[in-house]
2 protein chains.
Amino acid sequence: MSTPSYSVIGTRPIRHDGADKVTGRAIYGADFQMAGMLHGFILRSPHAHARIKRIDTSKAEVFPGVNAVVTTKDFPAVDDSKIVDLGEGNTPLRWARSNVLADGKVLYRGHAVAAVAAVNAHVAEEAAGLIEVEYEVLPCVLTAPEAMKPDAPILHQDLKMKELGETTGKVSNVAEHFRHVMGDIEAGFAAADVVVEREFNTATVHQGYIEPHNATALWNNDGRISIWCSTQGSFVVRDATAAILDIPVSQVKVTPMEIGGGFGGKIPVYMEPVAALLSKKTGRPVKILMPRQAVFEATGPTPGSYMKVKVGAKKDGTITAAQAYLAFEAGAYPGAMVGPAGMTVFAAYDLANVTIDGYDVVVNKPSTAAYRAPGAPNAAFAAESVIDELALKLGMDPLDLRLKNAAKEGTRRADGPKFRRIGCVEVLEAMKNSEHYKSPLEGSNRGRGVAIGFWFNVGLPSSCTLNVTADGTVNLIEGSTDIGGTRTSIAMQAAEVLGLKSEDIHPTVVDTDSIGFTGVTGGSRTTFATGWAAYEAAQDVVRQMKERAAKIWDVPSETVEQAGGVYRSNGHSIGFKELAARIGETGGPIVGRGAVNPRGVGGSFAGAIVDVAVDPETGKTTILRFTSIQDAGKAIHPAYVEGQMQGGSVQGIGWALNEEYFMSGDGRMMNSSFLDYRMPTALDLPMIETIIVEVPNPGHPFGVRGVGEANIVPPQAAVANAIAHAIGTRLTRLPMNPPAVMEAIWQKSTSPRS
Amino acid sequence: MSTPSYSVIGTRPIRHDGADKVTGRAIYGADFQMAGMLHGFILRSPHAHARIKRIDTSKAEVFPGVNAVVTTKDFPAVDDSKIVDLGEGNTPLRWARSNVLADGKVLYRGHAVAAVAAVNAHVAEEAAGLIEVEYEVLPCVLTAPEAMKPDAPILHQDLKMKELGETTGKVSNVAEHFRHVMGDIEAGFAAADVVVEREFNTATVHQGYIEPHNATALWNNDGRISIWCSTQGSFVVRDATAAILDIPVSQVKVTPMEIGGGFGGKIPVYMEPVAALLSKKTGRPVKILMPRQAVFEATGPTPGSYMKVKVGAKKDGTITAAQAYLAFEAGAYPGAMVGPAGMTVFAAYDLANVTIDGYDVVVNKPSTAAYRAPGAPNAAFAAESVIDELALKLGMDPLDLRLKNAAKEGTRRADGPKFRRIGCVEVLEAMKNSEHYKSPLEGSNRGRGVAIGFWFNVGLPSSCTLNVTADGTVNLIEGSTDIGGTRTSIAMQAAEVLGLKSEDIHPTVVDTDSIGFTGVTGGSRTTFATGWAAYEAAQDVVRQMKERAAKIWDVPSETVEQAGGVYRSNGHSIGFKELAARIGETGGPIVGRGAVNPRGVGGSFAGAIVDVAVDPETGKTTILRFTSIQDAGKAIHPAYVEGQMQGGSVQGIGWALNEEYFMSGDGRMMNSSFLDYRMPTALDLPMIETIIVEVPNPGHPFGVRGVGEANIVPPQAAVANAIAHAIGTRLTRLPMNPPAVMEAIWQKSTSPRS
């Protein structure tokens, strides 16, 4: 296919929200103020697992400055069988609700139990301390393997295990066991010359966004609720709050504030329904800010996991069989990210014989949430470590082994779908041809690792409207919270169609009343889907502009052509700006609308190449060089794509080397602050190099795939592979922090086989 | 024509903004707060006419707490020849700008001279007092006849009189003299059996909205200005501010706050550009609230006027000639409301011989602004007084005289246009058939008066978008500031098309970035034009809903019919709400857009019947009974229509009996407070009765004409006629307050002819 030539797409214009962000004008959720506003504080469980025997709020209620106290009793009665989709798939409403305010039991330390609204946050906190909660403390389980034991304490007596699609009568911490099968796994292993099998563990890891959660709610006298919060999905907050409070969605208006990071963790609602309840009781707006400790203890991290992966190959490198056992922690409520792990674990390979078993296991930790390609980095850590070891055993270049087996158009995944045009081979080739990979790595205790990863990306509905301004610019209205620069990547797509500059489009993210339904900013979908809505809205504008030009020239509108913002027919021509100045006289304002629910989602592959130095005396791993390679489909704004690749890489390095929920035996996170939860900083890392691969997605007008996630999938395995090559032994547990590396080095020196 | 049957239109649903208004949640301009906000104060001229010789701001600038001081020097250089339309027709930019901050001369007491931004309004006011302005005081002129004298002080040395369409070289306070001619006026009067000629004067009158003007502006680092204010036209504020500050309109975003009354007076910009300048200088948001005295002294009232009207008729009542001389005060800058006065003075009559002379005269009073059918009440006071006297002389019932000569479809107005279908006859017949008119009026010192009036109404562009919600309701987005309940009257038109209830539509008035261009809320246009945009947007939704139903049923979408919100084809049927719940699966969100620049404007006629009692000892006039009759075309929400009729009637009564700018000889308004400027209150008046006439406007989908203005046109004349009948002598000067009535009674008793 010939590459289309674009004027705006592929350039790097200044971001529309730049000035506000760098001057402090951008208004985040915590900045929100309102006359008569009260401040809320949420009382949280000190126990990881306990029965609530009694809550006495009487002392808090009469504390001076307190306006209201709420507990789960203040929620409307809930239909136990009601299933709702709160932005991350279907879940029983009762679980969604009891995660917001515990009902009967607390299931993790930090679980919300009650909330207070008061004149200020300090009074609210003080009063919350006066709420007496009588707990019957229960034994807790903190990992999937523990929780799967027959004698493990059971979190939910009403959780019946789903086995291969069928709901069983078995009460279990295993919410679901699924299996994807392709071919004959036994025959595949029988045909193999070399087989590698390893067990892996990964820790619970938090997204670590800088901005804590926040929510302000006003339950108005007319029954309508207004919410201001930082969220990845204003419509998710609207729909979830409406479901939990049992009111129609149109009674809730959510105004998304600027957001200080999300990475998937700002999709679920935590405090919005609580703030709304407090507002209803007090008749005043109520703001709640979450302390950092609660962000760690009570919002959704990514699952810790236990995995076994076994891969067999012939001597020529042809993989004959691949098997995975994936047991993922869901946290307190079902819904672990093991589903996507099962979809992605071997997705980079064209395989005949595959079996994948996945287990969704509840444990006494906070309910997990999405975190950038959720589930996929865990799975890739396991699979790509095994592939690396296989390459070593086969004596093949690890990229050649991958290229030999790489997925391509037509490859079927074990979970069903067949790939359309994808860029797996192109990414691997870009890695192989990279200056980084070709460069020598010299010095002792150094290693180079590579890995590849996949994320399928999602579609979901999006809306966009465009209003043409008399000065020839266009106001763009959209509902996608802008986490990663999507105002600009969406505006650029409209600009391209209209023949305008990016700066001629003024994008605004508006509230849920002011735009058509728009799904969450997540799943790498925003530039893809909301950009597509902008494309459609721009086409709608072009159609109308043609009619206006036709009216001016008195020609049929079908004869009017537009290119580069110039409208032409029959010797006439007029530019967008000139025509825009005349729309009043030719029939009134021009509004373009676009609304899509796209089916043409295109998955993205990413690769990582990393060089490390391991200090044999401290176990400390230093990242010497890191290159991220990703298929963007089409990079609308390459600087943003590079930013996503760098961000995902750095987070992946954090998982690899440092980050973990360090838990006490009774379920307490011992490092719930940014001082103790060690994320990489700019000082810890070299500049992350990037190589954008562009294999256009045939399912999008500009070929966009979405670039927010695939880049976090390979780094963990790449770093593990690099460390293995540096120290000559393999670590199979994340994080690979200095003690773990030292331990591996000691194990190697005391063990006859590495 | 058969009357269509409607489900929503013509009903009286609860207003969407009701709860917020009655509970104090509605946010008005003065309520707006922002972090780091400064407060501004505007220094105003103590003289009605003076040259500014020097402004020294140095003391104010160093006053503790002051952040910035601005004068006209802070505006960008202006092109003297630039003409802009700031919502009330074309005007030279230099005049628009110097009304905002005086340049060289002050032209009325209260003229803004400089402004201060400080930590609070008190510091700002204190500092403003330290600004030294050296004035050379000039003689002032306060009425049109005075200002037209050859030796009158000249306000603008650069104002060249326009005579019958041609710009002359003559420097004059008369900005323009126009003449409308039809037939032969001399022949007409020669054919008359009876001729009445009278002179009339009306006072300057203020709209008297409860909420003073306000503006907050933030000139952001990215060059974009955000403005929050109470205005009748957010796009007018945007365009005017951009023009005055010489930046593109797309660099200004205006968020309209709730508005506490406007009546035409909240169309011009006064403080928005000043707040923006102060924000630019300080880098912070600046809020300015206008004190009540400044509202009276420096915002646009309706013009005072001097008029001569002469009408001749045959004995059978046929009017043979009508002549008017209209000299209207423009205030300090050209643009008096004499144009509309000329369009409406004889519009109720089907005449052959007419001459109308209009004079737009600048005087040393604030620049006039629109006030409900601007110009028309003055003209109707004159014309309808003369018609009343003519009826008396002819011995005809005053309504019969009017009916005999009433304008109808095809009647040509002296200013050119020919009427389409209008309701003049129907209004007169409704008056004649009214219980009020048929009822006897007994008692001494009592009189009954009638009058009729016309307002042409306006079109202008409007936009509306509709977003369908999954629960089967619809969010409506519009840009028309809601002064009189237009959220609901617009929403009802969408509901009618969609087959939903009014309550199923959630209307929101959004900022200028978030909706297509929408003209001012004025000219009785909003329910007409923005309602039409909502109608179009709803049709757009219906089209898309049909496509979705067709997709579900696998039938061609042309076969799908919709009625009452139920979609049907081929035996299938589905309701709006059920279909709305399925739009995600059938292609994504549904957004409907409507944008219009309507040509089918339909003028409205209104009549008034009033019974008065005049106390012969005090001259006090008591309104005993008042009925307002108006052709609404189609009353979308009859309660709102009645409210408009009652409001216009009460304001007209205020003009008639009490309201005036009571000026000292040196141009000072002596009654610039609500204590001294006496407007009628509920205690002064009986319940205003209303009769809605419905002669559908063929130029609107639902027949809407617009009802905000015509109702203020007849009351002044009706009250004058009633007083004339009560006391046996005619007052020709407004207001007809007790001293004026006593004077007339005395004059009558001392004069041989009444």
# chains A, B, ... in the order shown; residues from 1 in each chain; ligands from 1
call {"tool": "residues_around", "arguments": {"residues": "segment 579-592 of chain B", "least_positions_apart": "3", "cutoff": "6 Å", "atoms": "only C-alpha atoms", "output": "JSON, numbers by chain"}}
result
{"A": [461, 516, 517, 595, 596, 597], "B": [465, 466, 467, 468, 470, 472, 537, 540, 541, 548, 576]}
call {"tool": "residues_around", "arguments": {"residues": "Ala717 of chain A", "least_positions_apart": "6", "cutoff": "10 Å", "atoms": "only C-alpha atoms", "output": "MDAnalysis selection string"}}
result
chainID A and resid 377:388 449:453 608 610 652:653 656 723 732 734
call {"tool": "write_last_selection", "arguments": {"atoms": "N, CA and C atoms", "output": "PDB file, in the first residue's frame"}}
result
ATOM      1  N   PRO A 377       1.912  -7.630  30.953  1.00  0.00           N
ATOM      2  CA  PRO A 377       3.334  -7.625  31.345  1.00  0.00           C
ATOM      3  C   PRO A 377       3.687  -8.837  32.197  1.00  0.00           C
ATOM      4  N   ASN A 378       2.754  -9.236  33.103  1.00  0.00           N
ATOM      5  CA  ASN A 378       3.000 -10.440  33.905  1.00  0.00           C
ATOM      6  C   ASN A 378       3.250 -11.620  32.972  1.00  0.00           C
ATOM      7  N   ALA A 379       2.289 -11.801  32.041  1.00  0.00           N
ATOM      8  CA  ALA A 379       2.361 -12.969  31.154  1.00  0.00           C
ATOM      9  C   ALA A 379       3.604 -12.926  30.283  1.00  0.00           C
ATOM     10  N   ALA A 380       3.933 -11.730  29.785  1.00  0.00           N
ATOM     11  CA  ALA A 380       5.104 -11.607  28.911  1.00  0.00           C
ATOM     12  C   ALA A 380       6.394 -11.851  29.688  1.00  0.00           C
ATOM     13  N   PHE A 381       6.397 -11.435  30.959  1.00  0.00           N
ATOM     14  CA  PHE A 381       7.580 -11.704  31.786  1.00  0.00           C
ATOM     15  C   PHE A 381       7.858 -13.200  31.788  1.00  0.00           C
ATOM     16  N   ALA A 382       6.801 -13.980  31.956  1.00  0.00           N
ATOM     17  CA  ALA A 382       6.963 -15.440  31.983  1.00  0.00           C
ATOM     18  C   ALA A 382       7.316 -15.978  30.596  1.00  0.00           C
ATOM     19  N   ALA A 383       6.479 -15.651  29.607  1.00  0.00           N
ATOM     20  CA  ALA A 383       6.654 -16.251  28.277  1.00  0.00           C
ATOM     21  C   ALA A 383       7.968 -15.833  27.639  1.00  0.00           C
ATOM     22  N   GLU A 384       8.283 -14.541  27.734  1.00  0.00           N
ATOM     23  CA  GLU A 384       9.486 -14.043  27.059  1.00  0.00           C
ATOM     24  C   GLU A 384      10.766 -14.449  27.794  1.00  0.00           C
ATOM     25  N   SER A 385      10.672 -14.740  29.080  1.00  0.00           N
ATOM     26  CA  SER A 385      11.827 -15.318  29.786  1.00  0.00           C
ATOM     27  C   SER A 385      12.104 -16.723  29.264  1.00  0.00           C
ATOM     28  N   VAL A 386      11.016 -17.476  29.081  1.00  0.00           N
ATOM     29  CA  VAL A 386      11.155 -18.854  28.596  1.00  0.00           C
ATOM     30  C   VAL A 386      11.673 -18.870  27.157  1.00  0.00           C
ATOM     31  N   ILE A 387      11.141 -17.954  26.319  1.00  0.00           N
ATOM     32  CA  ILE A 387      11.603 -17.882  24.926  1.00  0.00           C
ATOM     33  C   ILE A 387      13.105 -17.559  24.911  1.00  0.00           C
ATOM     34  N   ASP A 388      13.507 -16.655  25.797  1.00  0.00           N
ATOM     35  CA  ASP A 388      14.916 -16.270  25.859  1.00  0.00           C
ATOM     36  C   ASP A 388      15.783 -17.467  26.218  1.00  0.00           C
ATOM     37  N   GLY A 449      19.247  -7.755  27.052  1.00  0.00           N
ATOM     38  CA  GLY A 449      18.046  -8.570  26.929  1.00  0.00           C
ATOM     39  C   GLY A 449      17.087  -7.954  25.928  1.00  0.00           C
ATOM     40  N   VAL A 450      16.315  -8.838  25.301  1.00  0.00           N
ATOM     41  CA  VAL A 450      15.248  -8.353  24.420  1.00  0.00           C
ATOM     42  C   VAL A 450      13.965  -9.068  24.806  1.00  0.00           C
ATOM     43  N   ALA A 451      12.862  -8.465  24.452  1.00  0.00           N
ATOM     44  CA  ALA A 451      11.561  -9.120  24.609  1.00  0.00           C
ATOM     45  C   ALA A 451      10.573  -8.398  23.720  1.00  0.00           C
ATOM     46  N   ILE A 452       9.467  -9.060  23.502  1.00  0.00           N
ATOM     47  CA  ILE A 452       8.407  -8.475  22.674  1.00  0.00           C
ATOM     48  C   ILE A 452       7.092  -8.666  23.410  1.00  0.00           C
ATOM     49  N   GLY A 453       6.159  -7.786  23.122  1.00  0.00           N
ATOM     50  CA  GLY A 453       4.875  -7.892  23.800  1.00  0.00           C
ATOM     51  C   GLY A 453       3.746  -7.386  22.926  1.00  0.00           C
ATOM     52  N   ALA A 608      11.405  -4.409  23.369  1.00  0.00           N
ATOM     53  CA  ALA A 608      12.348  -3.678  24.214  1.00  0.00           C
ATOM     54  C   ALA A 608      13.732  -4.301  24.077  1.00  0.00           C
ATOM     55  N   VAL A 610      17.394  -3.919  26.096  1.00  0.00           N
ATOM     56  CA  VAL A 610      17.947  -3.262  27.273  1.00  0.00           C
ATOM     57  C   VAL A 610      19.343  -3.802  27.583  1.00  0.00           C
ATOM     58  N   GLY A 652       7.687  -0.231  33.242  1.00  0.00           N
ATOM     59  CA  GLY A 652       8.073  -1.641  33.173  1.00  0.00           C
ATOM     60  C   GLY A 652       9.395  -1.887  33.897  1.00  0.00           C
ATOM     61  N   ILE A 653      10.312  -0.946  33.772  1.00  0.00           N
ATOM     62  CA  ILE A 653      11.601  -1.072  34.480  1.00  0.00           C
ATOM     63  C   ILE A 653      11.355  -1.021  35.991  1.00  0.00           C
ATOM     64  N   ALA A 656      10.210  -4.254  37.080  1.00  0.00           N
ATOM     65  CA  ALA A 656      11.285  -5.236  36.952  1.00  0.00           C
ATOM     66  C   ALA A 656      12.240  -5.147  38.134  1.00  0.00           C
ATOM     67  N   ILE A 723      19.499  -9.341  32.828  1.00  0.00           N
ATOM     68  CA  ILE A 723      20.132  -9.711  34.106  1.00  0.00           C
ATOM     69  C   ILE A 723      20.636 -11.150  34.037  1.00  0.00           C
ATOM     70  N   THR A 732      13.202 -15.364  38.390  1.00  0.00           N
ATOM     71  CA  THR A 732      11.846 -15.643  37.901  1.00  0.00           C
ATOM     72  C   THR A 732      10.794 -14.999  38.797  1.00  0.00           C
ATOM     73  N   LEU A 734       9.450 -11.150  40.269  1.00  0.00           N
ATOM     74  CA  LEU A 734       9.538  -9.690  40.272  1.00  0.00           C
ATOM     75  C   LEU A 734       9.151  -9.181  41.652  1.00  0.00           C
TER      76      LEU A 734
END
call {"tool": "select_by_dssp", "arguments": {"residues": "segment 463-537 of chain A", "states": "helix (DSSP H, G or I)", "output": "ChimeraX atom specification"}}
result
/A:486-498,502-504,526-537
call {"tool": "closest_residue", "arguments": {"among": "A:Ala563, A:Val286, A:Val338, A:Ala533", "to": "Met37 of chain A", "atoms": "only C-alpha atoms"}}
result
A:Val286
call {"tool": "closest_residue", "arguments": {"among": "B:Val641, B:Gly484, B:Gln747, B:Arg446", "to": "Ile727 of chain B", "atoms": "only C-alpha atoms"}}
result
B:Arg446
call {"tool": "select_by_dssp", "arguments": {"residues": "segment 200-292 of chain A", "states": "strand (DSSP E)", "output": "list in words"}}
result
Phe200, Asn201, Thr202, Asn214, Ala215, Thr216, Ala217, Leu218, Trp219, Ile225, Ser226, Ile227, Trp228, Cys229, Val252, Lys253, Val254, Thr255, Pro256, Val286, Lys287, Ile288 and Leu289 of chain A
call {"tool": "write_last_selection", "arguments": {"atoms": "N, CA and C atoms", "output": "tab-separated table (two decimals), in the first residue's frame"}}
result
chain	number	residue	atom	x	y	z
A	200	PHE	N	6.97	-18.62	37.58
A	200	PHE	CA	7.22	-17.19	37.76
A	200	PHE	C	6.27	-16.60	38.78
A	201	ASN	N	6.75	-15.58	39.46
A	201	ASN	CA	5.91	-14.83	40.38
A	201	ASN	C	6.11	-13.35	40.12
A	202	THR	N	5.02	-12.61	40.19
A	202	THR	CA	5.16	-11.15	40.11
A	202	THR	C	4.42	-10.54	41.30
A	214	ASN	N	-9.80	11.93	43.87
A	214	ASN	CA	-10.55	13.03	44.46
A	214	ASN	C	-11.96	13.01	43.89
A	215	ALA	N	-12.89	13.53	44.63
A	215	ALA	CA	-14.26	13.60	44.14
A	215	ALA	C	-15.00	14.68	44.91
A	216	THR	N	-15.69	15.52	44.18
A	216	THR	CA	-16.62	16.47	44.79
A	216	THR	C	-17.99	16.17	44.20
A	217	ALA	N	-19.00	16.11	45.06
A	217	ALA	CA	-20.35	15.82	44.56
A	217	ALA	C	-21.34	16.79	45.16
A	218	LEU	N	-22.32	17.12	44.36
A	218	LEU	CA	-23.46	17.92	44.84
A	218	LEU	C	-24.73	17.20	44.41
A	219	TRP	N	-25.48	16.76	45.41
A	219	TRP	CA	-26.77	16.12	45.12
A	219	TRP	C	-27.80	17.24	45.21
A	225	ILE	N	-27.37	14.86	40.33
A	225	ILE	CA	-26.07	14.87	41.00
A	225	ILE	C	-25.02	15.43	40.05
A	226	SER	N	-24.26	16.38	40.54
A	226	SER	CA	-23.10	16.87	39.79
A	226	SER	C	-21.84	16.36	40.48
A	227	ILE	N	-20.92	15.87	39.68
A	227	ILE	CA	-19.66	15.34	40.23
A	227	ILE	C	-18.50	15.98	39.47
A	228	TRP	N	-17.51	16.41	40.22
A	228	TRP	CA	-16.27	16.92	39.64
A	228	TRP	C	-15.16	16.00	40.16
A	229	CYS	N	-14.42	15.40	39.29
A	229	CYS	CA	-13.37	14.49	39.75
A	229	CYS	C	-12.33	14.28	38.67
A	252	VAL	N	-27.12	12.11	36.57
A	252	VAL	CA	-25.76	12.38	37.04
A	252	VAL	C	-24.99	13.11	35.95
A	253	LYS	N	-24.37	14.20	36.34
A	253	LYS	CA	-23.49	14.92	35.41
A	253	LYS	C	-22.08	14.89	35.98
A	254	VAL	N	-21.15	14.42	35.20
A	254	VAL	CA	-19.76	14.37	35.65
A	254	VAL	C	-18.93	15.35	34.84
A	255	THR	N	-18.24	16.22	35.54
A	255	THR	CA	-17.33	17.15	34.90
A	255	THR	C	-15.92	16.67	35.17
A	256	PRO	N	-15.24	16.19	34.13
A	256	PRO	CA	-13.89	15.68	34.37
A	256	PRO	C	-12.91	16.84	34.54
A	286	VAL	N	-19.82	18.22	48.68
A	286	VAL	CA	-18.84	17.56	49.56
A	286	VAL	C	-17.65	17.11	48.72
A	287	LYS	N	-16.48	17.50	49.18
A	287	LYS	CA	-15.24	17.11	48.48
A	287	LYS	C	-14.46	16.12	49.33
A	288	ILE	N	-13.98	15.08	48.70
A	288	ILE	CA	-13.13	14.12	49.41
A	288	ILE	C	-11.83	13.94	48.62
A	289	LEU	N	-10.73	14.09	49.32
A	289	LEU	CA	-9.42	13.82	48.72
A	289	LEU	C	-8.85	12.58	49.38
call {"tool": "atom_distance", "arguments": {"atom1": "atom CA of Asn721 of chain A", "atom2": "atom CA of Val707 of chain A"}}
result
24.0 Å
call {"tool": "atom_distance", "arguments": {"atom1": "atom CA of Lys160 of chain A", "atom2": "atom CA of Pro303 of chain A"}}
result
20.8 Å
call {"tool": "atom_distance", "arguments": {"atom1": "atom CA of Ser305 of chain A", "atom2": "atom CA of Phe178 of chain A"}}
result
15.7 Å
